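Student: Mind having a look at this structure? Questions to follow.
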Amino acid sequence: MHKITKKLFGYFSALLVFFAVTAFIGFLAVFRYFTYQHLENELKERADTIKNQLEQFLDMPGAGQGQGRGAYLRFVNDIAMADIYIADAQGNPFTYGKNGMAGNVPTEDVLAFGARIFTSGSYEHVRQRTKGGVVFYVGVPVLDHGEVTYAVVIRDTADIRQDSFLLAVTILGGCMLLALALSGVLSFFLSRRFIRPIRQIAFATKELARGNYLVHTDAADKTELGELARQTDLLAGKLEAARRESARLEQMQKDYISNISHELRTPVTVIRSSLEAVCDGVVTGEKAIEYERQMLAECIALQRLINDMLELSRLQNKDFPIEKETMNLTMALADAIRAVRVLAKEKSISIRYEKETEVFFMQGDYGRLRQMFVAALDNAIKYSSQGTQIEVDTQRQDDLFIVSIRDHGTGIPPQDLEHIFERFYRSGQKQVKGSGLGLAIMKNIGERHHIRIRLQSEWQKGTTIRFEVPQTEEHHLYQNIS
């Protein structure tokens, strides 16, 4: 038996025992009360009967010594079915018959109780507990012409060991013992059923601690324990998702490092081999100049890669300040288009720029915003086919200034869309050169300027990047000034 089962079983058992003892004591008290009350009422009725008869005899002329009264009083003890005393105020017993036969001689306790009747002139009763049981005293006054002349006192003992009382107690005790036994068995099974979801949750948490995030409690319970089990299952699911995400990010980081290493190794290898050829005199003259130009191009590529890595690191540091000033966003966009036209011309790609407005003033870093647009345009050129077109347009929509860059290239695979802006992510299209940092840099520049970037893409159809710039009162003010 599990510890918690033992504890619950002990609690249930203690509660049942407490209930049984309380019910038993309550039954004894109620039974005793009604038994004593019933006996007291019967004694009062008998005393009233004897009193009424005595008053009738006292009202009959010459009946004080009558045989009728004597015959009646001779059997008064049988009528009372208990000890009966009839005495005057001085304690003398009532006499009857020609020979002056007297009834029972009052004892001291009877005399003391009788004195209360003469004092109050009404019905009196008292109950006293003795070793032999509970003694009842019931007394009524006997009136003669409106005056209390005698007191009728009946004394009886109610023994709690009477057969009917013992039988009732025995039956009740037996029933309660049987109920306790059955309740104990039932409480045992209820305890086991109660802790079943707890055991399932405990097993699940142990498995979670071991790294098994696929575990489920499968606890079908509608109480708070069931809710705890469901939350445990939810936690297991989230931990499994986090584990998969962590594994994915770790793999992305490995791929990123592998890609960066490849990007660094290739130009370094070219530079080293070219330098060795020049230094060893293998190439001379015009050939040496060609090698030097190749080394310069590789150094420029290395510098660009290192700058991108440093730029992304700076942008992701929220404490790194960027210099903002009043600038025209459309001018930064036009400058970016001019910068990439040479790259577009190499692939016979045309860039069509349609602008709804000439100016849109805002507080921003001109160089970085130009870099953001260059990254988007460069990405569009890389993934566009020969002879296609890239459309750039601006428009105002509600409280937004929107810049859209649309290409008709290969698009982005659906599985890559949700990860395209992540730092260590690079699209699966390996044939396209690059470090995979361009879109990450673009996203961070947008965030630092409160620009929301949306990307929509269809595989083999093209990609659209939307830059949504919120218009503030400051923008409207600059617009009015312009």
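For the structure tokens, the naming scheme is as follows: chains receive sequential letters (A, B, ...) according to their order of presentation, residues are indexed from 1 within each chain, and ligands are indexed from 1 in presentation order.
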Going by DSSP on the backbone, which bits of segment 105-280 of chain A are strand (DSSP E)? Write them as JSON, numbers by chain, please.

Tutor: {"A": [124, 125, 126, 127, 128, 129, 130, 133, 134, 135, 136, 137, 138, 139, 140, 141, 142, 143, 144, 147, 148, 149, 150, 151, 152, 153, 154, 155, 156, 157, 158]}

Student: Once you have the residues from the selection above, write them out as a short mmCIF file (atom, residue, chain, number, x, y, z; two decimals), in the first residue's frame, restricted to N, CA, C and O atoms.

Tutor:
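The result, written out as selection.cif:
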```
data_model
loop_
_atom_site.label_atom_id
_atom_site.label_comp_id
_atom_site.auth_asym_id
_atom_site.auth_seq_id
_atom_site.Cartn_x
_atom_site.Cartn_y
_atom_site.Cartn_z
N GLU A 124 -44.25 19.21 41.17
CA GLU A 124 -42.78 19.27 41.27
C GLU A 124 -42.20 17.95 40.78
O GLU A 124 -42.82 16.89 40.90
N HIS A 125 -41.00 18.05 40.22
CA HIS A 125 -40.30 16.84 39.80
C HIS A 125 -38.80 17.10 39.89
O HIS A 125 -38.32 18.23 39.74
N VAL A 126 -38.05 16.05 40.13
CA VAL A 126 -36.60 16.14 40.24
C VAL A 126 -36.01 14.79 39.83
O VAL A 126 -36.66 13.75 39.97
N ARG A 127 -34.77 14.86 39.34
CA ARG A 127 -34.08 13.65 38.88
C ARG A 127 -32.70 13.62 39.52
O ARG A 127 -31.96 14.60 39.46
N GLN A 128 -32.34 12.48 40.13
CA GLN A 128 -31.05 12.33 40.80
C GLN A 128 -30.37 11.05 40.33
O GLN A 128 -31.02 10.01 40.22
N ARG A 129 -29.07 11.18 40.05
CA ARG A 129 -28.31 10.02 39.62
C ARG A 129 -27.63 9.36 40.82
O ARG A 129 -26.98 10.02 41.63
N THR A 130 -27.84 8.05 40.98
CA THR A 130 -27.24 7.27 42.06
C THR A 130 -26.50 6.07 41.48
O THR A 130 -26.49 5.87 40.26
N GLY A 133 -28.78 3.74 39.55
CA GLY A 133 -29.46 4.26 38.38
C GLY A 133 -29.87 5.69 38.61
O GLY A 133 -29.28 6.41 39.42
N VAL A 134 -30.93 6.11 37.91
CA VAL A 134 -31.46 7.46 38.03
C VAL A 134 -32.77 7.39 38.79
O VAL A 134 -33.69 6.65 38.42
N VAL A 135 -32.89 8.16 39.92
CA VAL A 135 -34.09 8.16 40.76
C VAL A 135 -34.94 9.36 40.39
O VAL A 135 -34.43 10.49 40.32
N PHE A 136 -36.23 9.12 40.14
CA PHE A 136 -37.18 10.16 39.79
C PHE A 136 -38.10 10.43 40.97
O PHE A 136 -38.59 9.50 41.62
N TYR A 137 -38.32 11.70 41.26
CA TYR A 137 -39.28 12.14 42.28
C TYR A 137 -40.34 12.97 41.56
O TYR A 137 -40.01 13.95 40.88
N VAL A 138 -41.59 12.56 41.69
CA VAL A 138 -42.71 13.29 41.12
C VAL A 138 -43.72 13.53 42.22
O VAL A 138 -44.10 12.59 42.95
N GLY A 139 -44.17 14.77 42.38
CA GLY A 139 -45.11 15.07 43.46
C GLY A 139 -46.16 16.08 43.06
O GLY A 139 -45.88 17.00 42.29
N VAL A 140 -47.39 15.86 43.58
CA VAL A 140 -48.50 16.79 43.31
C VAL A 140 -49.19 17.09 44.64
O VAL A 140 -49.23 16.25 45.55
N PRO A 141 -49.73 18.29 44.80
CA PRO A 141 -50.43 18.64 46.05
C PRO A 141 -51.88 18.12 46.04
O PRO A 141 -52.52 18.06 44.98
N VAL A 142 -52.38 17.73 47.22
CA VAL A 142 -53.78 17.33 47.39
C VAL A 142 -54.50 18.48 48.08
O VAL A 142 -54.09 18.91 49.17
N LEU A 143 -55.54 19.01 47.44
CA LEU A 143 -56.24 20.19 47.95
C LEU A 143 -57.53 19.78 48.66
O LEU A 143 -58.27 18.90 48.19
N ASP A 144 -57.75 20.47 49.76
CA ASP A 144 -59.00 20.29 50.51
C ASP A 144 -59.55 21.68 50.80
O ASP A 144 -58.97 22.43 51.59
N GLU A 147 -56.96 24.36 50.05
CA GLU A 147 -55.71 24.37 50.80
C GLU A 147 -54.96 23.06 50.58
O GLU A 147 -55.59 21.99 50.47
N VAL A 148 -53.64 23.14 50.57
CA VAL A 148 -52.81 21.95 50.39
C VAL A 148 -52.75 21.22 51.73
O VAL A 148 -52.19 21.75 52.72
N THR A 149 -53.34 20.03 51.74
CA THR A 149 -53.37 19.25 52.99
C THR A 149 -52.40 18.08 52.95
O THR A 149 -51.82 17.71 53.98
N TYR A 150 -52.25 17.53 51.80
CA TYR A 150 -51.34 16.40 51.65
C TYR A 150 -50.52 16.58 50.38
O TYR A 150 -50.87 17.35 49.48
N ALA A 151 -49.45 15.80 50.33
CA ALA A 151 -48.61 15.75 49.13
C ALA A 151 -48.45 14.29 48.71
O ALA A 151 -48.14 13.44 49.53
N VAL A 152 -48.71 14.04 47.43
CA VAL A 152 -48.52 12.70 46.87
C VAL A 152 -47.16 12.67 46.17
O VAL A 152 -46.92 13.45 45.23
N VAL A 153 -46.28 11.81 46.66
CA VAL A 153 -44.92 11.71 46.11
C VAL A 153 -44.71 10.29 45.60
O VAL A 153 -44.94 9.32 46.35
N ILE A 154 -44.29 10.18 44.35
CA ILE A 154 -43.95 8.88 43.76
C ILE A 154 -42.46 8.88 43.45
O ILE A 154 -41.94 9.81 42.85
N ARG A 155 -41.80 7.85 43.91
CA ARG A 155 -40.38 7.70 43.66
C ARG A 155 -40.15 6.40 42.88
O ARG A 155 -40.66 5.35 43.25
N ASP A 156 -39.38 6.53 41.80
CA ASP A 156 -39.10 5.34 40.99
C ASP A 156 -37.66 5.45 40.47
O ASP A 156 -37.11 6.54 40.34
N THR A 157 -37.08 4.30 40.19
CA THR A 157 -35.71 4.24 39.70
C THR A 157 -35.71 3.76 38.24
O THR A 157 -36.30 2.72 37.93
N ALA A 158 -35.06 4.54 37.36
CA ALA A 158 -34.92 4.15 35.95
C ALA A 158 -33.53 3.56 35.77
O ALA A 158 -32.53 4.28 35.79
#
```

Student: Excluding Val110 of chain A and any residue of its chain fewer than 3 positions from it, enumerate the residues within 8 Å of it, using only C-alpha atoms, and give them as a compact mmCIF listing (two decimals) with C-alpha atoms, in the first residue's frame.

Tutor:
```txt
# COMPACT_ATOMS: atom_id res chain seq x y z
CA TYR A 85 -45.86 8.39 49.81
CA PRO A 106 -41.70 9.01 54.16
CA THR A 107 -37.93 8.96 54.21
CA PHE A 113 -38.97 16.82 48.25
CA GLY A 114 -42.48 17.02 49.78
CA VAL A 153 -44.92 11.71 46.11
```

Student: What's around Leu333 of chain A at 9 Å? Count only C-alpha atoms, leave out sequence neighbours fewer than 5 positions away in its own chain, and write the answer as a VMD selection string.

Tutor: chain A and resid 338 369 to 370 373 to 374 403

Student: Can you write out the residues you just picked, keeping N, CA and C atoms, as a compact mmCIF listing (two decimals), in the first residue's frame?

Tutor:
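Result saved to out_34.txt:
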```
# COMPACT_ATOMS: atom_id res chain seq x y z
N ARG A 338 19.35 52.63 -56.84
CA ARG A 338 20.50 52.99 -57.68
C ARG A 338 21.70 52.10 -57.37
N LEU A 369 18.65 52.44 -42.93
CA LEU A 369 17.42 52.21 -43.68
C LEU A 369 17.74 51.94 -45.15
N ARG A 370 18.75 52.64 -45.70
CA ARG A 370 19.20 52.33 -47.05
C ARG A 370 19.72 50.89 -47.11
N PHE A 373 16.81 48.39 -47.30
CA PHE A 373 16.24 48.26 -48.65
C PHE A 373 17.20 47.54 -49.58
N VAL A 374 18.50 47.80 -49.43
CA VAL A 374 19.49 47.12 -50.27
C VAL A 374 19.45 45.62 -50.02
N VAL A 403 6.04 50.33 -48.24
CA VAL A 403 6.99 50.12 -49.33
C VAL A 403 6.94 48.63 -49.67
```

Student: Where does DSSP see helix (DSSP H, G or I) in segment 110-250 of chain A, if you list the residues as a PyMOL selection string?

Tutor: chain A and resi 110-120+163-209+224-250

Student: Hey, what's within 9 Å of Glu458 of chain A if we count only C-alpha atoms and toss same-chain stuff fewer than 3 positions away? As a list in words, please?

Tutor: Thr410, Gly411, Ile412, Pro413, Pro414, Lys461, Gly462 and Thr463 of chain A

Student: Using Å and a single decimal, report how far atom CA of Glu418 of chain A sits from atom CA of Gln371 of chain A.

Tutor: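 Calculated distance between atom CA of Gln371 of chain A and atom CA of Glu418 of chain A is 22.8 Å.
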
Student: What is the distance, in Å and to one decimal place, between atom CA of Asp109 of chain A and atom CA of Leu58 of chain A?

Tutor: 26.6 Å

Student: I need the residue nearest Leu249 of chain A from this list: A:Asp233, A:Ile465, A:His419, A:Arg196. Use only C-alpha atoms for the distance.

Tutor: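 Under the stated criterion, the closest residue is A:His419.
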
Student: Find the residues around Cys279 of chain A up to 12 Å (only C-alpha atoms counted), leave out those fewer than 6 positions away in its own chain, and share them as a PDB file with all heavy atoms, in the first residue's frame.

Tutor:
```pdb
ATOM      1  N   ILE A 271      43.483  33.380 -51.612  1.00  0.00           N
ATOM      2  CA  ILE A 271      44.505  34.395 -51.317  1.00  0.00           C
ATOM      3  C   ILE A 271      45.851  33.736 -51.028  1.00  0.00           C
ATOM      4  O   ILE A 271      46.906  34.165 -51.533  1.00  0.00           O
ATOM      5  CB  ILE A 271      44.058  35.266 -50.129  1.00  0.00           C
ATOM      6  CG1 ILE A 271      42.834  36.110 -50.525  1.00  0.00           C
ATOM      7  CG2 ILE A 271      45.184  36.172 -49.663  1.00  0.00           C
ATOM      8  CD1 ILE A 271      42.206  36.849 -49.360  1.00  0.00           C
ATOM      9  N   ARG A 272      45.821  32.665 -50.236  1.00  0.00           N
ATOM     10  CA  ARG A 272      47.082  31.994 -49.878  1.00  0.00           C
ATOM     11  C   ARG A 272      47.755  31.391 -51.106  1.00  0.00           C
ATOM     12  O   ARG A 272      48.971  31.562 -51.308  1.00  0.00           O
ATOM     13  CB  ARG A 272      46.811  30.911 -48.845  1.00  0.00           C
ATOM     14  CG  ARG A 272      48.076  30.146 -48.464  1.00  0.00           C
ATOM     15  CD  ARG A 272      47.806  29.113 -47.410  1.00  0.00           C
ATOM     16  NE  ARG A 272      49.015  28.335 -47.121  1.00  0.00           N
ATOM     17  CZ  ARG A 272      49.104  27.360 -46.226  1.00  0.00           C
ATOM     18  NH1 ARG A 272      48.003  27.045 -45.523  1.00  0.00           N
ATOM     19  NH2 ARG A 272      50.225  26.714 -46.024  1.00  0.00           N
ATOM     20  N   SER A 273      46.974  30.690 -51.915  1.00  0.00           N
ATOM     21  CA  SER A 273      47.570  30.051 -53.099  1.00  0.00           C
ATOM     22  C   SER A 273      48.105  31.097 -54.074  1.00  0.00           C
ATOM     23  O   SER A 273      49.167  30.912 -54.705  1.00  0.00           O
ATOM     24  CB  SER A 273      46.551  29.156 -53.787  1.00  0.00           C
ATOM     25  OG  SER A 273      45.425  29.921 -54.205  1.00  0.00           O
ATOM     26  N   ALA A 288      50.801  37.992 -62.776  1.00  0.00           N
ATOM     27  CA  ALA A 288      50.908  38.348 -61.363  1.00  0.00           C
ATOM     28  C   ALA A 288      49.912  39.447 -61.010  1.00  0.00           C
ATOM     29  O   ALA A 288      49.298  39.439 -59.925  1.00  0.00           O
ATOM     30  CB  ALA A 288      52.330  38.790 -61.028  1.00  0.00           C
ATOM     31  N   TYR A 291      46.576  37.931 -60.591  1.00  0.00           N
ATOM     32  CA  TYR A 291      46.474  37.252 -59.295  1.00  0.00           C
ATOM     33  C   TYR A 291      46.236  38.260 -58.172  1.00  0.00           C
ATOM     34  O   TYR A 291      45.483  38.019 -57.229  1.00  0.00           O
ATOM     35  CB  TYR A 291      47.755  36.453 -59.023  1.00  0.00           C
ATOM     36  CG  TYR A 291      47.695  35.041 -59.550  1.00  0.00           C
ATOM     37  CD1 TYR A 291      47.327  34.792 -60.879  1.00  0.00           C
ATOM     38  CD2 TYR A 291      48.036  33.967 -58.744  1.00  0.00           C
ATOM     39  CE1 TYR A 291      47.302  33.502 -61.372  1.00  0.00           C
ATOM     40  CE2 TYR A 291      47.999  32.665 -59.237  1.00  0.00           C
ATOM     41  CZ  TYR A 291      47.630  32.441 -60.552  1.00  0.00           C
ATOM     42  OH  TYR A 291      47.573  31.166 -61.032  1.00  0.00           O
ATOM     43  N   GLU A 292      46.886  39.410 -58.273  1.00  0.00           N
ATOM     44  CA  GLU A 292      46.726  40.439 -57.250  1.00  0.00           C
ATOM     45  C   GLU A 292      45.298  40.989 -57.242  1.00  0.00           C
ATOM     46  O   GLU A 292      44.712  41.247 -56.181  1.00  0.00           O
ATOM     47  CB  GLU A 292      47.728  41.577 -57.503  1.00  0.00           C
ATOM     48  CG  GLU A 292      49.162  41.160 -57.232  1.00  0.00           C
ATOM     49  CD  GLU A 292      50.152  42.210 -57.682  1.00  0.00           C
ATOM     50  OE1 GLU A 292      49.703  43.228 -58.292  1.00  0.00           O
ATOM     51  OE2 GLU A 292      51.354  42.028 -57.446  1.00  0.00           O
TER      52      GLU A 292
END
```

Student: Sort by chain and increasing residue number a table of all residues of segment 269-381 of chain A within 12 Å of segment 393-397 of chain A, each with its closest pair of atoms and their distance in Å to one decimal, counting only C-alpha atoms, and write it as a tab-separated table.

Tutor:
```
residue	atom	partner	partner_atom	distance
A:Leu329	CA	A:Thr394	CA	10.4
A:Thr330	CA	A:Thr394	CA	8.3
A:Met331	CA	A:Thr394	CA	11.9
A:Leu333	CA	A:Thr394	CA	9.8
A:Ala334	CA	A:Asp393	CA	10.8
A:Ile337	CA	A:Asp393	CA	11.6
A:Ile351	CA	A:Asp393	CA	10.5
A:Arg352	CA	A:Asp393	CA	8.2
A:Tyr353	CA	A:Asp393	CA	5.7
A:Glu354	CA	A:Asp393	CA	4.6
A:Lys355	CA	A:Thr394	CA	4.9
A:Glu356	CA	A:Gln395	CA	5.4
A:Thr357	CA	A:Gln395	CA	7.3
A:Glu358	CA	A:Thr394	CA	9.5
A:Val359	CA	A:Thr394	CA	10.4
A:Phe360	CA	A:Arg396	CA	9.9
```

Student: I need the residue nearest Asp48 of chain A from this list: A:Val342, A:Ala112, A:Tyr123, A:Val105. Use only C-alpha atoms for the distance.

Tutor: A:Tyr123

Student: One decimal, in Å: what's the spacing between atom CA of Val392 of chain A and atom CA of Ser348 of chain A?

Tutor: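 According to the coordinates, atom CA of Val392 of chain A and atom CA of Ser348 of chain A are separated by 16.7 Å.
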
Student: Point out the residue among A:Phe24, A:Gln471, A:Gly146, A:Ile257 with the least atom-to-atom distance to Ile171 of chain A, counting only C-alpha atoms.

Tutor: A:Phe24

Student: Do a neighbour search on Phe320 of chain A at 12 Å with only C-alpha atoms, toss out local chain neighbours closer than 6 positions, and write the hits as a list in words.

Tutor: Glu311, Leu312, Ser313, Arg314 and Arg448 of chain A

Student: Name the closest residue to Ala344 of chain A among the candidates A:Arg32, A:Arg304, A:Lys382, A:His38; distances are taken between atoms, counting only C-alpha atoms.

Tutor: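 Using only C-alpha atoms, Ala344 of chain A sits closest to A:Lys382.
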